[in-house]
>>> print(open('protein-v3.csv').read())   # CSV, C-alpha atoms
chain,number,residue,atom,x,y,z
M,1,MET,CA,0.0,0.0,0.0
M,2,LYS,CA,1.4,3.3,-1.0
M,3,ILE,CA,1.2,6.2,1.5
M,4,ASN,CA,0.8,9.7,0.1
M,5,TRP,CA,2.8,12.0,2.4
M,6,ASN,CA,1.6,15.5,2.5
M,7,GLN,CA,4.6,17.9,2.5
M,8,LYS,CA,2.8,20.6,4.4
M,9,TYR,CA,1.9,18.3,7.3
M,10,ASN,CA,5.3,16.7,7.2
M,11,THR,CA,6.9,20.1,7.8
M,12,ILE,CA,4.5,20.9,10.6
M,13,ALA,CA,5.2,17.5,12.2
M,14,VAL,CA,9.0,18.1,12.0
M,15,TYR,CA,8.7,21.5,13.6
M,16,ALA,CA,6.4,20.2,16.3
M,17,PHE,CA,8.9,17.4,17.1
M,18,LEU,CA,11.8,19.9,17.3
M,19,VAL,CA,9.8,22.2,19.6
M,20,ILE,CA,8.8,19.4,21.9
M,21,ALA,CA,12.4,18.0,21.9
M,22,ALA,CA,13.8,21.5,22.7
M,23,ALA,CA,11.3,22.0,25.5
M,24,PHE,CA,12.1,18.6,27.0
M,25,LEU,CA,15.8,19.3,26.9
M,26,PHE,CA,15.2,22.8,28.4
M,27,ILE,CA,13.2,21.4,31.3
M,28,MET,CA,15.7,18.6,31.9
M,29,GLY,CA,18.5,21.2,31.8
M,30,ILE,CA,16.8,23.4,34.4
M,31,GLY,CA,16.2,20.4,36.7
M,32,ARG,CA,19.9,19.3,36.5
M,33,PHE,CA,21.5,22.7,35.8
M,34,ASP,CA,24.7,21.9,37.8
M,35,LEU,CA,25.3,18.8,35.8
M,36,VAL,CA,24.6,20.4,32.5
M,37,TRP,CA,26.8,23.4,33.4
M,38,ASP,CA,29.7,21.0,34.3
M,39,LYS,CA,29.3,19.3,30.9
M,40,VAL,CA,29.3,22.7,29.2
M,41,LYS,CA,32.5,23.8,31.0
M,42,ALA,CA,34.2,20.4,30.2
M,43,PHE,CA,33.3,20.9,26.6
M,44,ILE,CA,34.6,24.4,26.6
M,45,GLY,CA,37.8,23.1,28.3
M,46,MET,CA,38.3,20.7,25.5
M,47,LEU,CA,38.0,23.5,23.0
M,48,SER,CA,40.1,26.0,25.0
M,49,PRO,CA,43.3,25.6,22.9
M,50,PHE,CA,41.2,26.5,19.8
M,51,ILE,CA,39.5,29.4,21.6
M,52,VAL,CA,42.8,30.7,22.8
M,53,GLY,CA,44.2,30.3,19.3
M,54,MET,CA,41.4,32.3,17.7
M,55,ILE,CA,41.8,35.1,20.3
M,56,ILE,CA,45.5,35.3,19.7
M,57,ALA,CA,45.0,35.2,15.9
M,58,TYR,CA,42.4,38.0,16.2
M,59,LEU,CA,44.8,40.2,18.2
M,60,MET,CA,47.8,39.4,16.1
M,61,ASN,CA,45.9,40.3,13.0
M,62,PHE,CA,46.0,44.0,14.0
M,63,LEU,CA,49.8,43.9,13.8
M,64,LEU,CA,49.7,41.8,10.7
M,65,GLN,CA,47.5,44.3,8.9
M,66,PHE,CA,49.8,47.1,9.9
M,67,PHE,CA,52.8,45.5,8.2
M,68,GLU,CA,50.9,44.2,5.1
M,69,ASN,CA,48.8,47.3,4.5
M,70,SER,CA,50.8,50.2,5.8
M,71,LEU,CA,54.5,49.6,6.4
M,72,PHE,CA,55.4,47.2,3.5
M,73,PRO,CA,53.8,49.3,0.8
M,74,LYS,CA,55.7,52.4,2.0
M,75,LEU,CA,58.9,50.4,1.9
M,76,GLY,CA,58.2,49.2,-1.6
M,77,LEU,CA,58.1,45.5,-0.6
M,78,SER,CA,54.6,45.0,-2.1
M,79,ASN,CA,56.1,45.1,-5.6
M,80,ARG,CA,59.1,42.9,-4.8
M,81,LEU,CA,57.4,40.0,-3.0
M,82,LYS,CA,54.4,37.9,-3.8
M,83,LYS,CA,51.3,37.9,-1.5
M,84,ARG,CA,52.4,34.7,0.2
M,85,GLY,CA,55.9,36.1,0.8
M,86,LEU,CA,54.5,39.3,2.3
M,87,ARG,CA,52.3,37.3,4.6
M,88,ASN,CA,55.1,35.1,5.8
M,89,LEU,CA,57.4,38.1,6.4
M,90,ALA,CA,54.7,40.0,8.2
M,91,MET,CA,53.9,37.0,10.4
M,92,ALA,CA,57.6,36.3,11.2
M,93,ILE,CA,58.1,39.9,12.3
M,94,SER,CA,54.8,40.1,14.2
M,95,TYR,CA,55.4,36.9,16.2
M,96,LEU,CA,59.1,37.8,16.8
M,97,LEU,CA,58.0,41.1,18.3
M,98,ILE,CA,55.5,39.3,20.6
M,99,ILE,CA,58.0,36.7,21.6
M,100,LEU,CA,60.7,39.4,22.4
M,101,ALA,CA,58.1,41.4,24.4
M,102,THR,CA,57.1,38.3,26.4
M,103,ILE,CA,60.7,37.5,27.2
M,104,ALA,CA,61.3,41.1,28.3
M,105,PHE,CA,58.2,41.0,30.5
M,106,ILE,CA,59.3,37.7,32.1
M,107,ASN,CA,62.8,38.8,32.7
M,108,ASN,CA,62.1,42.4,33.9
M,109,ILE,CA,58.6,43.3,34.9
M,110,LEU,CA,57.4,40.0,36.3
M,111,PRO,CA,60.3,39.4,38.7
M,112,SER,CA,60.2,43.1,39.9
M,113,SER,CA,56.5,42.8,40.4
M,114,ILE,CA,56.9,39.6,42.5
M,115,ASN,CA,59.7,41.2,44.5
M,116,SER,CA,57.6,44.3,45.1
M,117,ILE,CA,54.6,42.3,46.3
M,118,THR,CA,56.9,40.2,48.6
M,119,LYS,CA,58.6,43.2,50.0
M,120,LEU,CA,55.3,45.0,50.5
M,121,VAL,CA,53.9,42.0,52.5
M,122,ASN,CA,57.1,41.7,54.6
M,123,ASN,CA,57.0,45.4,55.4
M,124,THR,CA,53.3,45.4,56.2
M,125,PRO,CA,53.7,45.2,60.0
M,126,ALA,CA,56.1,48.2,60.0
M,127,TYR,CA,53.7,50.2,57.7
M,128,ALA,CA,50.8,49.3,59.9
M,129,ARG,CA,52.6,50.3,63.1
M,130,GLN,CA,53.7,53.7,61.6
M,131,THR,CA,50.1,54.3,60.3
M,132,THR,CA,48.6,53.4,63.7
M,133,GLU,CA,51.0,55.8,65.5
M,134,TRP,CA,50.1,58.6,63.0
M,135,LEU,CA,46.4,58.0,63.3
M,136,THR,CA,46.6,57.8,67.1
M,137,LYS,CA,48.5,61.1,67.3
M,138,THR,CA,46.0,62.7,64.9
M,139,ILE,CA,42.9,61.5,66.8
M,140,ASP,CA,44.5,62.6,70.1
M,141,GLY,CA,45.0,66.1,68.6
M,142,LEU,CA,41.3,66.4,67.8
M,143,GLU,CA,40.5,66.4,71.6
M,144,LEU,CA,37.4,64.3,71.3
M,145,ASN,CA,35.5,63.0,74.3
M,146,GLU,CA,37.1,59.9,75.8
M,147,GLU,CA,34.3,57.4,74.8
M,148,PHE,CA,34.2,58.5,71.1
M,149,ASP,CA,38.1,58.7,71.1
M,150,GLN,CA,38.4,55.1,72.2
M,151,ARG,CA,35.7,53.8,69.8
M,152,LEU,CA,37.4,55.6,66.9
M,153,LYS,CA,40.8,54.1,67.8
M,154,GLY,CA,39.3,50.7,68.1
M,155,VAL,CA,37.7,50.9,64.7
M,156,THR,CA,40.9,52.2,63.1
M,157,GLN,CA,43.0,49.4,64.7
M,158,SER,CA,40.5,46.7,63.6
M,159,PHE,CA,40.6,48.0,60.0
M,160,LEU,CA,44.4,48.0,60.0
M,161,ASN,CA,44.5,44.4,61.5
M,162,ASN,CA,42.1,43.2,58.8
M,163,LEU,CA,44.1,44.9,56.1
M,164,GLN,CA,47.3,43.4,57.4
M,165,GLN,CA,45.8,39.9,57.3
M,166,PHE,CA,44.6,40.5,53.8
M,167,LEU,CA,48.0,41.6,52.5
M,168,ALA,CA,49.7,38.7,54.3
M,169,GLY,CA,47.4,36.3,52.4
M,170,LEU,CA,48.5,37.8,49.0
M,171,ILE,CA,51.6,35.5,48.7
M,172,PRO,CA,49.6,32.2,49.0
M,173,LYS,CA,47.0,33.7,46.6
M,174,MET,CA,49.8,34.7,44.2
M,175,GLY,CA,51.2,31.2,44.4
M,176,ASN,CA,47.9,29.7,43.5
M,177,PHE,CA,47.6,32.2,40.6
M,178,LEU,CA,51.0,31.3,39.3
M,179,ARG,CA,50.2,27.6,39.5
M,180,GLY,CA,47.0,28.2,37.6
M,181,LEU,CA,49.0,30.2,35.1
M,182,MET,CA,51.5,27.4,34.6
M,183,SER,CA,48.7,24.9,34.1
M,184,GLY,CA,47.4,27.1,31.3
M,185,VAL,CA,50.8,27.3,29.5
M,186,THR,CA,50.0,24.2,27.5
M,187,ASN,CA,46.8,25.7,26.1
M,188,LEU,CA,48.7,29.0,25.5
M,189,VAL,CA,51.4,27.2,23.5
M,190,LEU,CA,48.9,25.2,21.5
M,191,GLY,CA,46.8,28.3,20.9
M,192,PHE,CA,49.9,30.1,19.7
M,193,ILE,CA,50.5,27.4,17.2
M,194,ILE,CA,46.9,27.3,16.1
M,195,SER,CA,46.9,31.0,15.6
M,196,ILE,CA,49.7,30.7,13.1
M,197,TYR,CA,47.7,28.3,10.9
M,198,VAL,CA,44.6,30.6,11.2
M,199,LEU,CA,46.5,33.7,10.1
M,200,VAL,CA,48.3,31.9,7.2
M,201,ASP,CA,45.0,31.1,5.5
M,202,LYS,CA,42.7,33.7,7.1
M,203,GLU,CA,41.2,34.7,3.7
M,204,LYS,CA,40.4,31.0,3.0
M,205,PHE,CA,38.7,30.6,6.5
M,206,ARG,CA,36.7,33.8,6.0
M,207,ALA,CA,35.5,32.6,2.5
M,208,GLN,CA,34.6,29.2,3.9
M,209,SER,CA,32.6,30.8,6.7
M,210,LYS,CA,30.7,32.9,4.2
M,211,MET,CA,30.1,29.9,2.1
M,212,MET,CA,28.6,28.0,5.0
M,213,ALA,CA,26.4,31.0,6.0
M,214,TYR,CA,25.0,31.3,2.4
M,215,SER,CA,24.4,27.5,2.2
M,216,LEU,CA,22.6,27.1,5.6
M,217,LEU,CA,20.7,30.4,5.8
M,218,PRO,CA,18.5,32.4,3.5
M,219,THR,CA,20.4,35.0,1.5
M,220,LYS,CA,18.9,37.9,3.3
M,221,VAL,CA,19.7,36.4,6.7
M,222,ALA,CA,23.2,35.4,5.6
M,223,ASN,CA,23.9,39.0,4.5
M,224,THR,CA,22.6,40.3,7.8
M,225,THR,CA,24.8,37.8,9.7
M,226,ILE,CA,27.9,38.7,7.7
M,227,SER,CA,27.2,42.4,8.2
M,228,LEU,CA,26.8,41.8,12.0
M,229,PHE,CA,30.2,40.1,12.3
M,230,ALA,CA,31.8,42.9,10.2
M,231,ARG,CA,30.3,45.4,12.7
M,232,ILE,CA,31.6,43.3,15.6
M,233,ASN,CA,35.1,43.3,14.1
M,234,HIS,CA,35.0,47.0,13.5
M,235,LEU,CA,33.8,47.9,16.9
M,236,MET,CA,36.2,45.5,18.7
M,237,LYS,CA,39.2,46.8,16.7
M,238,ARG,CA,38.4,50.4,17.6
M,239,TYR,CA,37.6,49.7,21.2
M,240,LEU,CA,40.6,47.5,22.0
M,241,ALA,CA,43.1,49.7,20.2
M,242,GLY,CA,41.7,52.8,22.0
M,243,GLN,CA,41.7,51.1,25.4
M,244,VAL,CA,45.4,49.9,25.1
M,245,LEU,CA,46.5,53.4,23.9
M,246,GLU,CA,44.6,55.1,26.7
M,247,ALA,CA,45.8,52.7,29.4
M,248,THR,CA,49.4,53.1,28.2
M,249,ILE,CA,49.2,56.9,28.4
M,250,VAL,CA,47.6,56.8,31.9
M,251,GLY,CA,50.1,54.3,33.2
M,252,ILE,CA,53.0,56.4,32.0
M,253,ALA,CA,51.4,59.5,33.6
M,254,PHE,CA,51.0,57.7,37.0
M,255,LEU,CA,54.6,56.4,36.7
M,256,VAL,CA,56.0,59.9,36.3
M,257,VAL,CA,53.8,61.2,39.2
M,258,LEU,CA,54.7,58.4,41.6
M,259,MET,CA,58.4,58.7,40.8
M,260,ILE,CA,58.3,62.4,41.5
M,261,MET,CA,56.6,61.6,44.8
M,262,LYS,CA,59.3,59.0,45.5
M,263,VAL,CA,56.8,56.3,46.2
M,264,GLU,CA,58.0,52.8,46.6
M,265,TYR,CA,56.8,50.2,44.1
M,266,ALA,CA,56.0,53.0,41.7
M,267,GLY,CA,56.5,50.7,38.6
M,268,LEU,CA,54.1,48.0,40.0
M,269,MET,CA,51.4,50.5,41.0
M,270,ALA,CA,51.7,52.4,37.6
M,271,PHE,CA,51.2,49.0,35.8
M,272,ILE,CA,48.1,48.2,38.0
M,273,LEU,CA,46.7,51.7,37.5
M,274,GLY,CA,47.2,51.5,33.7
M,275,PHE,CA,45.9,48.0,33.3
M,276,THR,CA,42.7,48.6,35.4
M,277,ASN,CA,42.1,51.8,33.4
M,278,MET,CA,41.2,49.5,30.5
M,279,ILE,CA,38.0,48.6,32.4
M,280,PRO,CA,35.5,51.4,31.6
M,281,TRP,CA,34.1,53.7,34.2
M,282,ILE,CA,35.0,51.8,37.4
M,283,GLY,CA,38.4,50.6,36.3
M,284,PRO,CA,40.4,53.6,37.5
M,285,TRP,CA,38.9,53.4,41.0
M,286,ILE,CA,39.6,49.6,41.2
M,287,GLY,CA,43.3,50.4,40.7
M,288,SER,CA,43.4,53.6,42.7
M,289,ILE,CA,42.1,52.1,46.0
M,290,PRO,CA,44.8,49.4,46.6
M,291,ALA,CA,47.5,51.8,45.4
M,292,GLY,CA,46.2,54.5,47.8
M,293,ILE,CA,46.3,51.9,50.7
M,294,ILE,CA,49.9,51.0,49.9
M,295,ILE,CA,50.9,54.7,49.8
M,296,LEU,CA,49.0,55.3,53.1
M,297,PHE,CA,51.3,52.8,54.8
M,298,GLN,CA,54.3,54.6,53.5
M,299,SER,CA,53.2,58.2,54.1
M,300,PRO,CA,49.7,59.5,54.9
M,301,ILE,CA,50.6,62.9,53.4
M,302,LYS,CA,51.7,61.3,50.1
M,303,THR,CA,48.2,59.6,50.1
M,304,VAL,CA,46.6,63.0,49.9
M,305,TRP,CA,48.8,64.1,47.0
M,306,PHE,CA,48.2,60.7,45.3
M,307,ALA,CA,44.4,61.3,45.6
M,308,ILE,CA,44.8,64.7,44.1
M,309,ALA,CA,46.9,63.2,41.2
M,310,VAL,CA,44.2,60.5,40.6
M,311,LEU,CA,41.5,63.2,40.4
M,312,VAL,CA,43.5,65.4,38.0
M,313,ILE,CA,44.7,62.5,35.7
M,314,GLN,CA,41.2,61.0,35.6
M,315,GLN,CA,39.7,64.4,34.7
M,316,ILE,CA,42.2,64.8,31.9
M,317,ASP,CA,41.6,61.2,30.8
M,318,GLY,CA,37.8,61.5,30.9
M,319,ASN,CA,37.4,65.0,29.4
M,320,ILE,CA,40.3,65.2,27.0
M,321,LEU,CA,42.0,61.9,26.3
M,322,ALA,CA,39.1,59.4,26.1
M,323,PRO,CA,36.9,61.6,23.8
M,324,ARG,CA,39.8,62.1,21.4
M,325,ILE,CA,40.7,58.4,21.3
M,326,HIS,CA,37.2,56.8,21.4
M,327,GLY,CA,35.0,59.6,20.1
M,328,ASP,CA,31.4,58.5,20.3
M,329,SER,CA,32.2,54.8,19.8
M,330,MET,CA,30.2,53.7,22.9
M,331,GLY,CA,27.1,55.8,22.4
M,332,VAL,CA,25.3,54.5,25.6
M,333,SER,CA,24.7,56.0,29.0
M,334,ALA,CA,26.8,55.2,32.1
M,335,PHE,CA,24.0,53.1,33.5
M,336,TRP,CA,24.2,50.6,30.6
M,337,ILE,CA,28.0,50.6,30.8
M,338,LEU,CA,27.8,49.7,34.5
M,339,PHE,CA,25.2,47.0,33.6
M,340,ALA,CA,27.5,45.5,31.0
M,341,LEU,CA,30.5,45.6,33.4
M,342,LEU,CA,28.6,43.8,36.2
M,343,ILE,CA,27.2,41.1,33.9
M,344,GLY,CA,30.5,40.6,32.1
M,345,GLY,CA,32.4,40.5,35.3
M,346,ALA,CA,30.0,38.0,37.0
M,347,MET,CA,30.1,35.6,34.0
M,348,PHE,CA,33.8,35.8,32.9
M,349,GLY,CA,35.7,37.8,35.5
M,350,VAL,CA,38.2,40.5,34.4
M,351,PRO,CA,38.1,39.4,30.7
M,352,GLY,CA,34.4,39.8,30.8
M,353,MET,CA,34.7,43.3,32.2
M,354,LEU,CA,37.1,44.2,29.4
M,355,ILE,CA,35.0,42.9,26.5
M,356,GLY,CA,31.6,43.1,28.0
M,357,VAL,CA,31.1,46.8,27.1
M,358,PRO,CA,31.7,46.5,23.3
M,359,PHE,CA,29.6,43.4,23.1
M,360,PHE,CA,26.7,45.1,25.0
M,361,VAL,CA,27.0,48.2,22.8
M,362,LEU,CA,26.7,46.0,19.8
M,363,ILE,CA,23.6,44.3,21.1
M,364,TYR,CA,22.2,47.7,22.2
M,365,SER,CA,22.8,49.1,18.7
M,366,ILE,CA,21.1,46.1,17.0
M,367,VAL,CA,18.0,46.4,19.3
M,368,ARG,CA,17.9,50.2,18.8
M,369,GLU,CA,18.0,49.7,15.0
M,370,PHE,CA,15.2,47.1,15.1
M,371,VAL,CA,13.0,49.3,17.3
M,372,GLN,CA,13.6,52.3,15.1
M,373,ASP,CA,12.8,50.3,12.0
M,374,GLN,CA,9.5,49.1,13.5
M,375,LEU,CA,8.6,52.6,14.6
M,376,SER,CA,9.4,53.9,11.1
M,377,LYS,CA,7.0,51.3,9.6
M,378,LYS,CA,4.3,52.7,11.9
M,379,ASN,CA,5.1,56.3,10.9
M,380,LEU,CA,6.1,57.0,14.5
M,381,PRO,CA,9.1,59.2,15.6
M,382,VAL,CA,12.3,57.3,16.4
M,383,ASP,CA,13.8,59.8,18.9
M,384,SER,CA,13.3,58.9,22.5
M,385,GLU,CA,12.8,62.6,23.4
M,386,ASP,CA,9.4,62.4,21.6
M,387,TYR,CA,8.2,59.8,24.1
M,388,LYS,CA,8.7,61.8,27.3
M,389,GLY,CA,5.8,63.2,29.2
M,390,TYR,CA,2.4,61.6,28.5
M,391,GLY,CA,3.3,59.9,25.3
M,392,ILE,CA,2.2,60.4,21.7
M,393,GLN,CA,-1.2,58.8,22.1
M,394,HIS,CA,-2.1,60.9,25.1
M,395,ASP,CA,-0.9,64.1,23.4
M,396,ALA,CA,-3.0,63.3,20.3
M,397,GLU,CA,-6.1,62.7,22.5
M,398,ASP,CA,-5.4,65.9,24.5
M,399,SER,CA,-5.2,67.9,21.3
M,400,LYS,CA,-8.5,66.5,20.0
M,401,GLU,CA,-10.3,67.3,23.3
M,402,SER,CA,-9.0,70.9,23.2
>>> encode(input="protein-v3.csv", output="structure tokens")
Amino acid sequence: MKINWNQKYNTIAVYAFLVIAAAFLFIMGIGRFDLVWDKVKAFIGMLSPFIVGMIIAYLMNFLLQFFENSLFPKLGLSNRLKKRGLRNLAMAISYLLIILATIAFINNILPSSINSITKLVNNTPAYARQTTEWLTKTIDGLELNEEFDQRLKGVTQSFLNNLQQFLAGLIPKMGNFLRGLMSGVTNLVLGFIISIYVLVDKEKFRAQSKMMAYSLLPTKVANTTISLFARINHLMKRYLAGQVLEATIVGIAFLVVLMIMKVEYAGLMAFILGFTNMIPWIGPWIGSIPAGIIILFQSPIKTVWFAIAVLVIQQIDGNILAPRIHGDSMGVSAFWILFALLIGGAMFGVPGMLIGVPFFVLIYSIVREFVQDQLSKKNLPVDSEDYKGYGIQHDAEDSKES
């Protein structure tokens, strides 16, 4: 007996089965979230060398493009070498520069940073004692009543004891961090090798990705997807380059100020202040607070001058430097930047705080374009200022009544 399958009902049946299966997996996933999340993390761990390799390749591509598109044409090498030769030469120089920079960091900055932290922890008792004596003398000079005076001294001493315990625990934490770092060296080395293969044939990989997009998706959706990834690339390139440049300038400015103030561990603190400055909005304060505490142990008066320097440098950075470097690349309010920082930091830690803002800005811009497109189809204004007050519908009704 021959069965006549109806294509329309077959399609409906397939979609119904997929929806039911997806709902079943979703319910099972909620019920055993911990197990599912452990499996997801294990799968991501298996792919970590490839993820690291793609990230390294993406970052190295900035340097590669500089040599291929800017430096080599000016030197006349584009006419002397074939495309493959230019690519190999650019990659060799790029990776050699990164390797030399890594070696310089390991030989110079890393040991000095470890020595500075070790010395800081060893000197913490002396710093705490000096700070306690200064605070006690200052409180006594205020001539407060005896009960309030004793309470204030007790709170101050408790704070200093807790701070001393925290700093004393930095060395074990640092040891755990270094052990974790060493365990990730294998992934880093493998990622480094994978990035070379990715960059050698990056045009081929890009073409294959487009081919898959056009084969699996409708043409309009594929065009939108490719345009979306192009926008991501453009936004990330501008954002990361601007953040690195801004952090470098701020770090150098703090290094000069701290050296003028003759503060110990000036190099370490300038590095921390510059690095945390890459985190938008709250980053400068994340770096300034521990640096201020370290300087407080050395000299309370220097802490005041450091606070003034932080305010001046951050004002220059926020009002002059950042607008010139970034322009209006973010285009969102401080509330949404804070929202992106909190979500990115909660999910992925410091890397999430660094890249959470540009990804959120991208999502925000896509949603904004969709909303504006829908409003335009309804012949409604697309500016949020027009929706303040009672709203368009209320205003229209009020005008009719009058």
>>> closest_residue(input="protein-v3.csv", among="M:Ile295, M:Ile282, M:Ile99, M:Met236", to="Val263 in chain M", atoms="all atoms listed in the file")
M:Ile295
>>> closest_residue(input="protein-v3.csv", among="M:Ile93, M:Val52, M:Ala207, M:Ile260", to="Phe192 in chain M", atoms="all atoms listed in the file")
M:Val52
>>> atom_distance(input="protein-v3.csv", atom1="CA of Leu235 in chain M", atom2="CA of Leu59 in chain M")
13.5 Å
>>> residues_around(input="protein-v3.csv", residues="Ala270 in chain M", least_positions_apart="4", cutoff="9 Å", atoms="only C-alpha atoms", output="number ranges by chain")
M: 250-256, 258, 265-266, 274-275, 291
>>> write_last_selection(input="protein-v3.csv", atoms="C-alpha atoms", output="JSON list (two decimals), keeping the file's coordinate frame")
[["chain", "number", "residue", "atom", "x", "y", "z"],
["M", 250, "VAL", "CA", 47.60, 56.80, 31.90],
["M", 251, "GLY", "CA", 50.10, 54.30, 33.20],
["M", 252, "ILE", "CA", 53.00, 56.40, 32.00],
["M", 253, "ALA", "CA", 51.40, 59.50, 33.60],
["M", 254, "PHE", "CA", 51.00, 57.70, 37.00],
["M", 255, "LEU", "CA", 54.60, 56.40, 36.70],
["M", 256, "VAL", "CA", 56.00, 59.90, 36.30],
["M", 258, "LEU", "CA", 54.70, 58.40, 41.60],
["M", 265, "TYR", "CA", 56.80, 50.20, 44.10],
["M", 266, "ALA", "CA", 56.00, 53.00, 41.70],
["M", 274, "GLY", "CA", 47.20, 51.50, 33.70],
["M", 275, "PHE", "CA", 45.90, 48.00, 33.30],
["M", 291, "ALA", "CA", 47.50, 51.80, 45.40]]
>>> atom_distance(input="protein-v3.csv", atom1="CA of Thr186 in chain M", atom2="CA of Ala42 in chain M")
16.5 Å
>>> atom_distance(input="protein-v3.csv", atom1="CA of Gln315 in chain M", atom2="CA of Arg238 in chain M")
22.1 Å
>>> build_atoms(input="protein-v3.csv", residues="range 79-95 of chain M", atoms="N, CA, C and O atoms", output="CSV table (one decimal), keeping the file's coordinate frame")
chain,number,residue,atom,x,y,z
M,79,ASN,N,55.8,45.4,-4.2
M,79,ASN,CA,56.1,45.1,-5.6
M,79,ASN,C,57.2,44.1,-5.8
M,79,ASN,O,57.4,43.6,-6.9
M,80,ARG,N,58.0,43.8,-4.7
M,80,ARG,CA,59.1,42.9,-4.8
M,80,ARG,C,58.7,41.5,-4.4
M,80,ARG,O,59.3,40.5,-4.9
M,81,LEU,N,57.8,41.3,-3.5
M,81,LEU,CA,57.4,40.0,-3.0
M,81,LEU,C,56.0,39.7,-3.4
M,81,LEU,O,55.1,40.6,-3.5
M,82,LYS,N,55.7,38.4,-3.5
M,82,LYS,CA,54.4,37.9,-3.8
M,82,LYS,C,53.6,38.0,-2.5
M,82,LYS,O,54.1,38.2,-1.4
M,83,LYS,N,52.2,37.8,-2.6
M,83,LYS,CA,51.3,37.9,-1.5
M,83,LYS,C,51.7,36.9,-0.4
M,83,LYS,O,51.7,37.3,0.8
M,84,ARG,N,52.0,35.7,-0.8
M,84,ARG,CA,52.4,34.7,0.2
M,84,ARG,C,53.7,35.1,0.9
M,84,ARG,O,53.8,34.9,2.1
M,85,GLY,N,54.7,35.6,0.2
M,85,GLY,CA,55.9,36.1,0.8
M,85,GLY,C,55.7,37.2,1.7
M,85,GLY,O,56.3,37.3,2.8
M,86,LEU,N,54.8,38.2,1.4
M,86,LEU,CA,54.5,39.3,2.3
M,86,LEU,C,53.9,38.8,3.5
M,86,LEU,O,54.2,39.3,4.6
M,87,ARG,N,53.0,37.8,3.4
M,87,ARG,CA,52.3,37.3,4.6
M,87,ARG,C,53.3,36.6,5.5
M,87,ARG,O,53.2,36.8,6.7
M,88,ASN,N,54.1,35.8,4.9
M,88,ASN,CA,55.1,35.1,5.8
M,88,ASN,C,56.1,36.0,6.5
M,88,ASN,O,56.4,35.9,7.7
M,89,LEU,N,56.5,37.1,5.8
M,89,LEU,CA,57.4,38.1,6.4
M,89,LEU,C,56.7,38.8,7.5
M,89,LEU,O,57.3,39.1,8.6
M,90,ALA,N,55.5,39.2,7.2
M,90,ALA,CA,54.7,40.0,8.2
M,90,ALA,C,54.4,39.1,9.5
M,90,ALA,O,54.6,39.6,10.6
M,91,MET,N,54.1,37.9,9.3
M,91,MET,CA,53.9,37.0,10.4
M,91,MET,C,55.2,36.7,11.2
M,91,MET,O,55.2,36.7,12.4
M,92,ALA,N,56.3,36.6,10.5
M,92,ALA,CA,57.6,36.3,11.2
M,92,ALA,C,57.9,37.5,12.1
M,92,ALA,O,58.3,37.4,13.2
M,93,ILE,N,57.8,38.7,11.5
M,93,ILE,CA,58.1,39.9,12.3
M,93,ILE,C,57.1,40.1,13.4
M,93,ILE,O,57.5,40.4,14.6
M,94,SER,N,55.8,39.9,13.2
M,94,SER,CA,54.8,40.1,14.2
M,94,SER,C,55.1,39.1,15.4
M,94,SER,O,55.1,39.6,16.6
M,95,TYR,N,55.2,37.8,15.1
M,95,TYR,CA,55.4,36.9,16.2
M,95,TYR,C,56.8,37.1,16.9
M,95,TYR,O,56.9,36.8,18.1
